[in-house]
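A.B. asks: For reference, the file model.cif (mmCIF, C-alpha atoms and all ligand atoms) is included below:
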data_protein
loop_
_atom_site.label_atom_id
_atom_site.label_comp_id
_atom_site.auth_asym_id
_atom_site.auth_seq_id
_atom_site.Cartn_x
_atom_site.Cartn_y
_atom_site.Cartn_z
CA MET A 1 91.62 -71.22 -81.99
CA SER A 2 93.59 -72.90 -84.74
CA PRO A 3 92.31 -76.21 -85.99
CA THR A 4 95.69 -77.88 -85.53
CA ALA A 5 96.12 -79.65 -82.23
CA SER A 6 99.14 -80.17 -80.02
CA PRO A 7 99.57 -83.63 -78.49
CA ALA A 8 97.69 -82.31 -75.47
CA GLY A 9 94.97 -81.27 -77.91
CA PRO A 10 93.13 -77.96 -77.74
CA PRO A 11 89.47 -78.29 -76.82
CA ALA A 12 87.36 -78.49 -79.96
CA THR A 13 85.63 -75.27 -80.97
CA HIS A 14 84.12 -76.49 -84.20
CA ASP A 15 81.39 -78.52 -82.65
CA TYR A 16 78.82 -76.17 -81.14
CA SER A 17 75.86 -78.53 -80.86
CA ALA A 18 72.43 -77.47 -82.15
CA PRO A 19 70.98 -77.27 -78.62
CA LEU A 20 73.90 -75.06 -77.50
CA ARG A 21 73.43 -72.77 -80.51
CA VAL A 22 69.68 -72.50 -79.91
CA TRP A 23 70.39 -71.73 -76.26
CA HIS A 24 73.10 -69.19 -77.16
CA TRP A 25 71.04 -67.07 -79.54
CA GLY A 26 67.76 -67.37 -77.61
CA ASN A 27 69.52 -66.41 -74.39
CA ALA A 28 71.38 -63.52 -76.10
CA LEU A 29 68.11 -62.11 -77.50
CA LEU A 30 66.32 -62.39 -74.18
CA LEU A 31 69.21 -60.82 -72.28
CA ALA A 32 69.30 -57.92 -74.75
CA GLY A 33 65.52 -57.52 -74.31
CA GLN A 34 65.88 -57.62 -70.54
CA LEU A 35 68.54 -54.91 -70.59
CA MET A 36 66.23 -52.86 -72.83
CA THR A 37 63.43 -53.03 -70.25
CA ILE A 38 65.80 -51.56 -67.64
CA LEU A 39 67.00 -48.94 -70.12
CA PHE A 40 63.39 -47.85 -70.63
CA ILE A 41 62.37 -47.97 -66.97
CA LYS A 42 65.46 -46.32 -65.49
CA VAL A 43 66.79 -44.08 -68.28
CA ILE A 44 64.45 -43.38 -71.21
CA VAL A 45 60.95 -43.17 -69.70
CA LYS A 46 61.62 -42.84 -65.94
CA PRO A 47 57.90 -42.60 -65.03
CA LYS A 48 58.47 -41.21 -61.51
CA ALA A 49 60.35 -38.21 -62.87
CA LEU A 50 57.42 -37.53 -65.23
CA VAL A 51 54.94 -36.63 -62.44
CA PRO A 52 55.56 -32.83 -62.61
CA GLU A 53 55.18 -33.04 -66.41
CA PHE A 54 51.87 -34.92 -66.04
CA GLN A 55 50.70 -32.17 -63.70
CA ALA A 56 51.80 -29.40 -66.06
CA ALA A 57 50.16 -31.11 -69.06
CA ALA A 58 46.91 -31.70 -67.12
CA ALA A 59 46.86 -28.04 -66.00
CA GLN A 60 46.94 -26.98 -69.65
CA HIS A 61 44.02 -29.24 -70.60
CA GLY A 62 41.17 -28.49 -68.34
CA GLY A 63 42.22 -28.96 -64.79
CA PRO A 64 45.13 -29.72 -62.49
CA ILE A 65 45.82 -33.17 -61.12
CA SER A 66 47.28 -33.74 -57.68
CA LYS A 67 50.78 -35.11 -57.13
CA GLU A 68 49.18 -38.36 -55.91
CA GLN A 69 47.11 -38.68 -59.10
CA GLY A 70 50.29 -38.08 -61.14
CA GLN A 71 52.07 -40.74 -59.11
CA SER A 72 49.26 -43.22 -59.78
CA ILE A 73 49.66 -42.73 -63.52
CA ALA A 74 53.46 -43.07 -63.21
CA HIS A 75 52.92 -46.26 -61.19
CA LEU A 76 50.71 -47.71 -63.95
CA MET A 77 53.39 -46.98 -66.54
CA SER A 78 56.10 -48.55 -64.38
CA GLU A 79 53.97 -51.62 -63.75
CA ARG A 80 53.46 -52.12 -67.48
CA MET A 81 57.23 -52.10 -68.05
CA TRP A 82 57.97 -54.31 -65.03
CA ASP A 83 55.42 -56.80 -66.41
CA TRP A 84 57.61 -57.04 -69.50
CA HIS A 85 60.72 -57.41 -67.33
CA ILE A 86 59.13 -60.27 -65.41
CA GLY A 87 57.81 -61.92 -68.59
CA ILE A 88 61.23 -61.85 -70.26
CA GLY A 89 62.77 -62.83 -66.91
CA LEU A 90 60.63 -65.98 -66.73
CA ALA A 91 61.69 -66.84 -70.30
CA LEU A 92 65.33 -66.33 -69.28
CA ALA A 93 64.72 -68.61 -66.30
CA ALA A 94 63.33 -71.25 -68.68
CA PHE A 95 66.44 -70.94 -70.87
CA TRP A 96 68.60 -71.25 -67.78
CA ALA A 97 66.79 -74.48 -66.84
CA TYR A 98 67.20 -75.67 -70.44
CA TRP A 99 70.96 -75.02 -70.15
CA LEU A 100 71.10 -77.09 -66.95
CA VAL A 101 69.22 -79.98 -68.57
CA MET A 102 71.52 -79.73 -71.61
CA GLN A 103 74.56 -80.03 -69.31
CA LEU A 104 73.12 -83.05 -67.55
CA THR A 105 72.14 -84.88 -70.73
CA ALA A 106 75.03 -83.96 -73.09
CA PRO A 107 77.84 -86.47 -73.71
CA ALA A 108 80.44 -85.99 -70.94
CA GLU A 109 83.05 -84.32 -73.17
CA LYS A 110 80.57 -81.72 -74.46
CA ARG A 111 79.58 -80.44 -71.03
CA PHE A 112 80.86 -77.00 -70.12
CA GLY A 113 82.78 -78.27 -67.08
CA ALA A 114 84.61 -80.85 -69.20
CA ARG A 115 85.45 -78.27 -71.88
CA LEU A 116 86.75 -75.88 -69.21
CA LEU A 117 88.94 -78.61 -67.69
CA ALA A 118 90.19 -79.58 -71.16
CA ALA A 119 91.17 -75.93 -71.79
CA ALA A 120 93.01 -75.82 -68.43
CA ARG A 121 94.83 -79.07 -69.24
CA TYR A 122 95.74 -77.83 -72.70
CA TYR A 123 97.15 -74.66 -71.13
CA ARG A 124 99.22 -76.66 -68.63
CA LEU A 125 100.61 -79.10 -71.21
CA ALA A 126 100.90 -76.86 -74.27
CA PRO A 127 104.39 -76.48 -75.74
CA PRO A 128 105.76 -72.89 -75.53
CA ALA A 129 104.76 -72.08 -79.12
CA GLU A 130 101.12 -72.84 -78.37
CA ARG A 131 101.00 -71.14 -74.97
CA PRO A 132 99.50 -67.80 -76.08
CA GLU A 133 96.70 -69.58 -77.90
CA ALA A 134 96.14 -71.93 -74.96
CA ARG A 135 95.99 -68.95 -72.59
CA HIS A 136 93.48 -67.22 -74.84
CA THR A 137 91.29 -70.32 -74.98
CA LEU A 138 91.38 -70.74 -71.21
CA LEU A 139 90.63 -67.06 -70.57
CA ALA A 140 87.63 -67.17 -72.91
CA LYS A 141 86.30 -70.24 -71.08
CA LEU A 142 86.80 -68.51 -67.72
CA THR A 143 84.69 -65.57 -68.90
CA TYR A 144 81.95 -68.09 -69.82
CA LEU A 145 82.24 -69.63 -66.37
CA ALA A 146 81.75 -66.13 -64.92
CA PHE A 147 78.75 -65.61 -67.19
CA TYR A 148 77.09 -68.87 -66.12
CA LEU A 149 77.56 -67.82 -62.48
CA PHE A 150 76.15 -64.33 -63.10
CA ILE A 151 73.11 -65.57 -65.01
CA SER A 152 72.42 -68.11 -62.24
CA VAL A 153 72.51 -65.33 -59.64
CA MET A 154 70.29 -63.14 -61.83
CA VAL A 155 67.68 -65.83 -62.42
CA LEU A 156 67.55 -66.94 -58.78
CA THR A 157 67.38 -63.39 -57.39
CA GLY A 158 64.88 -62.42 -60.14
CA LEU A 159 62.60 -65.32 -59.21
CA ALA A 160 62.94 -64.38 -55.53
CA LEU A 161 61.87 -60.80 -56.36
CA THR A 162 58.98 -62.08 -58.46
CA TRP A 163 57.56 -63.95 -55.47
CA ALA A 164 58.76 -61.59 -52.71
CA ASP A 165 55.27 -60.16 -52.13
CA ASP A 166 53.72 -63.61 -51.69
CA VAL A 167 56.35 -65.44 -49.62
CA ALA A 168 57.08 -64.00 -46.17
CA TRP A 169 60.73 -65.08 -45.86
CA LEU A 170 61.50 -63.76 -49.34
CA HIS A 171 59.87 -60.47 -48.40
CA GLY A 172 62.24 -60.28 -45.42
CA ILE A 173 65.34 -60.43 -47.64
CA GLU A 174 63.91 -58.47 -50.59
CA HIS A 175 66.13 -55.43 -50.11
CA THR A 176 69.37 -57.44 -50.09
CA VAL A 177 68.21 -59.59 -53.00
CA LYS A 178 67.42 -56.46 -55.02
CA GLU A 179 70.91 -55.08 -54.34
CA ILE A 180 72.51 -58.32 -55.54
CA HIS A 181 70.23 -58.37 -58.61
CA ASN A 182 71.22 -54.77 -59.34
CA VAL A 183 74.99 -55.22 -59.00
CA THR A 184 75.00 -58.44 -61.02
CA MET A 185 73.43 -56.53 -63.91
CA TYR A 186 76.65 -54.50 -64.24
CA LEU A 187 78.72 -57.69 -64.22
CA LEU A 188 76.54 -59.09 -67.01
CA ILE A 189 76.92 -55.92 -69.04
CA ALA A 190 80.70 -56.14 -68.56
CA PHE A 191 80.61 -59.75 -69.78
CA VAL A 192 78.56 -58.89 -72.88
CA LEU A 193 80.91 -56.04 -73.87
CA THR A 194 84.04 -58.17 -73.30
CA HIS A 195 82.46 -61.10 -75.14
CA LEU A 196 81.47 -59.05 -78.18
CA ALA A 197 84.92 -57.47 -78.39
CA GLY A 198 86.54 -60.92 -77.92
CA VAL A 199 84.57 -62.82 -80.57
CA VAL A 200 84.81 -60.03 -83.15
CA TRP A 201 88.56 -59.77 -82.52
CA SER A 202 89.00 -63.57 -82.84
CA GLU A 203 86.87 -63.68 -85.97
CA LEU A 204 88.90 -60.94 -87.64
CA THR A 205 92.37 -62.10 -86.58
CA GLN A 206 92.84 -65.79 -85.91
CA ASP A 207 89.60 -67.73 -86.18
CA HIS A 208 87.70 -66.80 -89.33
CA GLY A 209 84.27 -68.41 -89.41
CA LEU A 210 83.96 -68.56 -85.61
CA ILE A 211 80.71 -66.57 -85.56
CA SER A 212 79.26 -68.54 -88.51
CA ARG A 213 79.94 -71.75 -86.60
CA MET A 214 78.02 -70.42 -83.61
CA VAL A 215 75.15 -69.66 -86.02
CA GLY A 216 75.13 -72.70 -88.30
CA GLY A 217 77.36 -75.27 -86.62
CA GLU A 218 80.34 -77.09 -88.12
CA THR A 219 81.00 -76.09 -91.72
CA ARG A 220 84.55 -77.36 -92.22
CA LYS A 221 85.09 -81.11 -92.22
CA GLY A 222 88.28 -82.53 -90.78
CA SER A 223 89.41 -79.28 -89.14
C1 LIG B 1 73.82 -61.03 -74.66
C2 LIG B 1 74.57 -61.52 -75.56
C3 LIG B 1 75.42 -62.78 -75.46
C4 LIG B 1 75.64 -63.67 -74.45
C5 LIG B 1 75.07 -63.61 -73.04
C6 LIG B 1 76.54 -64.69 -74.94
C7 LIG B 1 77.03 -65.75 -74.19
C8 LIG B 1 77.90 -66.71 -74.64
C9 LIG B 1 78.38 -67.82 -73.88
C10 LIG B 1 78.02 -68.12 -72.43
C11 LIG B 1 79.22 -68.55 -74.67
C12 LIG B 1 79.97 -69.83 -74.30
C13 LIG B 1 79.18 -71.03 -74.78
C14 LIG B 1 79.85 -72.30 -74.30
O1 LIG B 1 80.84 -72.67 -74.91
O2 LIG B 1 79.36 -72.88 -73.30
C15 LIG B 1 79.28 -67.89 -75.95
C16 LIG B 1 80.01 -68.31 -77.02
C17 LIG B 1 80.08 -67.64 -78.22
N1 LIG B 1 79.37 -66.51 -78.57
FE1 LIG B 1 78.12 -65.44 -77.42
N2 LIG B 1 76.83 -64.42 -76.25
C18 LIG B 1 76.17 -63.25 -76.61
C19 LIG B 1 76.18 -62.62 -77.83
C20 LIG B 1 76.94 -63.02 -78.89
C21 LIG B 1 77.02 -62.34 -80.17
C22 LIG B 1 76.22 -61.07 -80.53
C23 LIG B 1 77.89 -63.04 -80.94
C24 LIG B 1 78.33 -62.77 -82.36
C25 LIG B 1 78.76 -61.60 -82.75
C26 LIG B 1 78.36 -64.16 -80.16
C27 LIG B 1 79.24 -65.10 -80.61
C28 LIG B 1 79.71 -66.17 -79.88
C29 LIG B 1 80.69 -67.12 -80.36
C30 LIG B 1 81.32 -67.11 -81.75
C31 LIG B 1 80.92 -68.04 -79.33
C32 LIG B 1 81.92 -69.19 -79.33
C33 LIG B 1 83.23 -68.60 -78.83
C34 LIG B 1 84.22 -69.60 -78.31
O3 LIG B 1 84.18 -70.77 -78.67
O4 LIG B 1 85.03 -69.21 -77.47
N3 LIG B 1 77.78 -64.11 -78.91
N4 LIG B 1 78.46 -66.77 -75.91
C1 LIG B 2 69.32 -61.27 -66.67
C2 LIG B 2 69.09 -60.01 -66.82
C3 LIG B 2 68.37 -59.13 -65.83
C4 LIG B 2 68.67 -57.83 -65.60
C5 LIG B 2 69.78 -57.03 -66.28
C6 LIG B 2 67.78 -57.36 -64.56
C7 LIG B 2 67.81 -56.09 -64.02
C8 LIG B 2 66.98 -55.63 -63.01
C9 LIG B 2 67.11 -54.36 -62.33
C10 LIG B 2 68.20 -53.32 -62.59
C11 LIG B 2 66.11 -54.27 -61.45
C12 LIG B 2 65.82 -53.09 -60.54
C13 LIG B 2 66.28 -53.39 -59.13
C14 LIG B 2 66.02 -52.16 -58.27
O1 LIG B 2 64.96 -51.57 -58.39
O2 LIG B 2 66.90 -51.83 -57.49
C15 LIG B 2 65.32 -55.47 -61.55
C16 LIG B 2 64.21 -55.77 -60.79
C17 LIG B 2 63.50 -56.92 -60.90
N1 LIG B 2 63.80 -58.02 -61.70
FE1 LIG B 2 65.33 -58.17 -62.95
N2 LIG B 2 66.92 -58.37 -64.20
C18 LIG B 2 67.26 -59.48 -64.94
C19 LIG B 2 66.69 -60.73 -64.85
C20 LIG B 2 65.55 -61.00 -64.14
C21 LIG B 2 64.91 -62.29 -64.10
C22 LIG B 2 65.45 -63.57 -64.75
C23 LIG B 2 63.79 -62.15 -63.35
C24 LIG B 2 62.82 -63.27 -63.02
C25 LIG B 2 61.64 -63.30 -63.41
C26 LIG B 2 63.72 -60.76 -62.90
C27 LIG B 2 62.75 -60.20 -62.10
C28 LIG B 2 62.81 -58.95 -61.52
C29 LIG B 2 61.82 -58.44 -60.58
C30 LIG B 2 60.57 -59.15 -60.10
C31 LIG B 2 62.25 -57.17 -60.20
C32 LIG B 2 61.58 -56.21 -59.20
C33 LIG B 2 60.58 -55.38 -59.96
C34 LIG B 2 59.92 -54.36 -59.08
O3 LIG B 2 60.61 -53.70 -58.29
O4 LIG B 2 58.69 -54.23 -59.21
N3 LIG B 2 64.82 -60.09 -63.41
N4 LIG B 2 65.88 -56.30 -62.52
#
Translate this structure into structure tokens?
C.D. replies:
Amino acid sequence: MSPTASPAGPPATHDYSAPLRVWHWGNALLLAGQLMTILFIKVIVKPKALVPEFQAAAAQHGGPISKEQGQSIAHLMSERMWDWHIGIGLALAAFWAYWLVMQLTAPAEKRFGARLLAAARYYRLAPPAERPEARHTLLAKLTYLAFYLFISVMVLTGLALTWADDVAWLHGIEHTVKEIHNVTMYLLIAFVLTHLAGVVWSELTQDHGLISRMVGGETRKGS
């Protein structure tokens, strides 16, 4: 976004607060780690599919193992990786709670809802020359709104799955919750890809320094 404002005023993008930046990078790292756990469980290691290989390897080294024994070993491997998924998931849940607290305690104009409304107002009131930029700003904010919804669904369904074995009513809806958790993962991946393409494109074309500002905060005074 350009630093020059129309009378309606574009929402400021040079003021990512320290708490928001800490949240952004911590959350991005955890989300990447969480996607890695799924990549390992479902694509790279796939313990269940290894059972015949366990059996073949055991047959070569002294004695066969039964399919059930192979499955027990596969189960142990899966459990180890799911433990990581749940650990990172709980950290993501803590970051999600931190984001909520940040929204409740931030000055009104810095809250996400206020910044989204400001972008919508800017789009409505922008003179024709500033329309494309206003549209871009609003679209970016709408993708963030989608992200905040997706991460909320992911954290709530993830916590439900974590306690599904211990809480009867959660156990009853476990299958549906798992489906929602699964589908939302693809929406999150779509967000991350769109976001990366969007910020790199903005950085290279119209908003040099955008990524640095998300790392180190405001660097240009009076812009
Ligand atoms: C899993 C990875 C990531 C997630 C989930 C994520 C999420 C988000 C969200 C939700 C926002 C909006 C913050 C707000 O205004 O409330 C944002 C802004 C931003 N992110 Fe990321 N991010 C990720 C990775 C990255 C990476 C790798 C970069 C740098 C290459 C980056 C650069 C930025 C920048 C520059 C902004 C500000 C853009 C603007 O004002 O429109 N993000 N990110
Ligand atoms: C935000 C990124 C996340 C992604 C991409 C993700 C992805 C997945 C996927 C694909 C599954 C497999 C579902 C199936 O088997 O059909 C799963 C299961 C699960 N997730 Fe997540 N998840 C995320 C966050 C969380 C969070 C925040 C928690 C909360 C602690 C969590 C806890 C769980 C649990 C307990 C399971 C079931 C494990 C099992 O079947 O033993 N996830 N997750």
A.B. asks: How many Å lie between CA of Gln55 (chain A) and CA of Asp83 (chain A), rounded to one decimal?
C.D. replies: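 The value is 25.2 Å.
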A.B. asks: Just want the residues within 6 Å of ligand LIG 1 (chain B), written as a PyMOL selection string, counting all atoms listed in the file.
C.D. replies: chain A and resi 13+24+28+31-32+112+140+144+147+192+196+199+210-211+214
A.B. asks: Within 9 Å of Ala120 (chain A), counting all atoms listed in the file, which residues qualify if same-chain residues fewer than 6 places away don't, as a VMD selection string?
C.D. replies: chain A and resid 134 to 135 137 to 138
A.B. asks: Excluding region 159-173 of chain A and residues on its chain fewer than 4 positions from it, collect all residues at most 8 Å away from it, counting only C-alpha atoms, and give them as a count of residues only.
C.D. replies: 5
A.B. asks: Got a sec: who's within 12 Å of Arg80 (chain A), counting only C-alpha atoms, leaving out chain neighbours fewer than 3 positions off, as a VMD selection string?
C.D. replies: chain A and resid 37 40 to 41 45 47 73 to 77 83 to 87
A.B. asks: Output the selection as a short mmCIF file (atom, residue, chain, number, x, y, z; two decimals), in the frame of the given file - C-alpha atoms for each residue.
C.D. replies:
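Written file, part36.cif:
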data_model
loop_
_atom_site.label_atom_id
_atom_site.label_comp_id
_atom_site.auth_asym_id
_atom_site.auth_seq_id
_atom_site.Cartn_x
_atom_site.Cartn_y
_atom_site.Cartn_z
CA THR A 37 63.43 -53.03 -70.25
CA PHE A 40 63.39 -47.85 -70.63
CA ILE A 41 62.37 -47.97 -66.97
CA VAL A 45 60.95 -43.17 -69.70
CA PRO A 47 57.90 -42.60 -65.03
CA ILE A 73 49.66 -42.73 -63.52
CA ALA A 74 53.46 -43.07 -63.21
CA HIS A 75 52.92 -46.26 -61.19
CA LEU A 76 50.71 -47.71 -63.95
CA MET A 77 53.39 -46.98 -66.54
CA ASP A 83 55.42 -56.80 -66.41
CA TRP A 84 57.61 -57.04 -69.50
CA HIS A 85 60.72 -57.41 -67.33
CA ILE A 86 59.13 -60.27 -65.41
CA GLY A 87 57.81 -61.92 -68.59
#
A.B. asks: Using only C-alpha atoms and all ligand atoms, find the one residue out of A:Leu117, A:Leu92, A:Val101, A:Leu193 that sits nearest to ligand LIG 2 (chain B).
C.D. replies: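 That would be A:Leu92, the residue with the smallest distance to ligand LIG 2 (chain B).
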A.B. asks: Can you work out which one of A:Trp82, A:Tyr148, A:Trp99, A:Phe191 has the shortest atom-to-atom distance to ligand LIG 2 (chain B), counting only C-alpha atoms and all ligand atoms?
C.D. replies: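 Of A:Trp82, A:Tyr148, A:Trp99, A:Phe191, the one nearest ligand LIG 2 (chain B), counting only C-alpha atoms and all ligand atoms, is A:Trp82.
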A.B. asks: Could you check how far CA of Asp15 (chain A) sits from CA of Glu109 (chain A), in Å to one decimal?
C.D. replies: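 So the answer is 11.2 Å.
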A.B. asks: Would you mind putting N, CA and C atoms back on region 38-51 of chain A and writing the result as a PDB file, in the coordinates of the input?
C.D. replies:
ATOM      1  N   ILE A  38      65.201 -52.402 -68.681  1.00  0.00           N
ATOM      2  CA  ILE A  38      65.800 -51.560 -67.640  1.00  0.00           C
ATOM      3  C   ILE A  38      66.166 -50.195 -68.223  1.00  0.00           C
ATOM      4  N   LEU A  39      66.664 -50.218 -69.469  1.00  0.00           N
ATOM      5  CA  LEU A  39      67.000 -48.940 -70.120  1.00  0.00           C
ATOM      6  C   LEU A  39      65.760 -48.047 -70.200  1.00  0.00           C
ATOM      7  N   PHE A  40      64.622 -48.644 -70.536  1.00  0.00           N
ATOM      8  CA  PHE A  40      63.390 -47.850 -70.630  1.00  0.00           C
ATOM      9  C   PHE A  40      62.923 -47.381 -69.256  1.00  0.00           C
ATOM     10  N   ILE A  41      62.918 -48.322 -68.283  1.00  0.00           N
ATOM     11  CA  ILE A  41      62.370 -47.970 -66.970  1.00  0.00           C
ATOM     12  C   ILE A  41      63.251 -46.920 -66.267  1.00  0.00           C
ATOM     13  N   LYS A  42      64.566 -47.147 -66.326  1.00  0.00           N
ATOM     14  CA  LYS A  42      65.460 -46.320 -65.490  1.00  0.00           C
ATOM     15  C   LYS A  42      66.056 -45.119 -66.221  1.00  0.00           C
ATOM     16  N   VAL A  43      66.091 -45.164 -67.571  1.00  0.00           N
ATOM     17  CA  VAL A  43      66.790 -44.080 -68.280  1.00  0.00           C
ATOM     18  C   VAL A  43      65.862 -43.338 -69.250  1.00  0.00           C
ATOM     19  N   ILE A  44      65.183 -44.072 -70.132  1.00  0.00           N
ATOM     20  CA  ILE A  44      64.450 -43.380 -71.210  1.00  0.00           C
ATOM     21  C   ILE A  44      63.122 -42.810 -70.720  1.00  0.00           C
ATOM     22  N   VAL A  45      62.282 -43.655 -70.095  1.00  0.00           N
ATOM     23  CA  VAL A  45      60.950 -43.170 -69.700  1.00  0.00           C
ATOM     24  C   VAL A  45      60.957 -42.581 -68.278  1.00  0.00           C
ATOM     25  N   LYS A  46      61.564 -43.285 -67.346  1.00  0.00           N
ATOM     26  CA  LYS A  46      61.620 -42.840 -65.940  1.00  0.00           C
ATOM     27  C   LYS A  46      60.283 -42.281 -65.457  1.00  0.00           C
ATOM     28  N   PRO A  47      59.250 -43.109 -65.326  1.00  0.00           N
ATOM     29  CA  PRO A  47      57.900 -42.600 -65.030  1.00  0.00           C
ATOM     30  C   PRO A  47      57.835 -41.689 -63.807  1.00  0.00           C
ATOM     31  N   LYS A  48      58.579 -42.022 -62.726  1.00  0.00           N
ATOM     32  CA  LYS A  48      58.470 -41.210 -61.510  1.00  0.00           C
ATOM     33  C   LYS A  48      58.854 -39.759 -61.772  1.00  0.00           C
ATOM     34  N   ALA A  49      59.889 -39.575 -62.607  1.00  0.00           N
ATOM     35  CA  ALA A  49      60.350 -38.210 -62.870  1.00  0.00           C
ATOM     36  C   ALA A  49      59.379 -37.447 -63.768  1.00  0.00           C
ATOM     37  N   LEU A  50      58.369 -38.182 -64.319  1.00  0.00           N
ATOM     38  CA  LEU A  50      57.420 -37.530 -65.230  1.00  0.00           C
ATOM     39  C   LEU A  50      56.262 -36.860 -64.495  1.00  0.00           C
ATOM     40  N   VAL A  51      56.123 -37.117 -63.175  1.00  0.00           N
ATOM     41  CA  VAL A  51      54.940 -36.630 -62.440  1.00  0.00           C
ATOM     42  C   VAL A  51      54.743 -35.111 -62.616  1.00  0.00           C
TER      43      VAL A  51
END
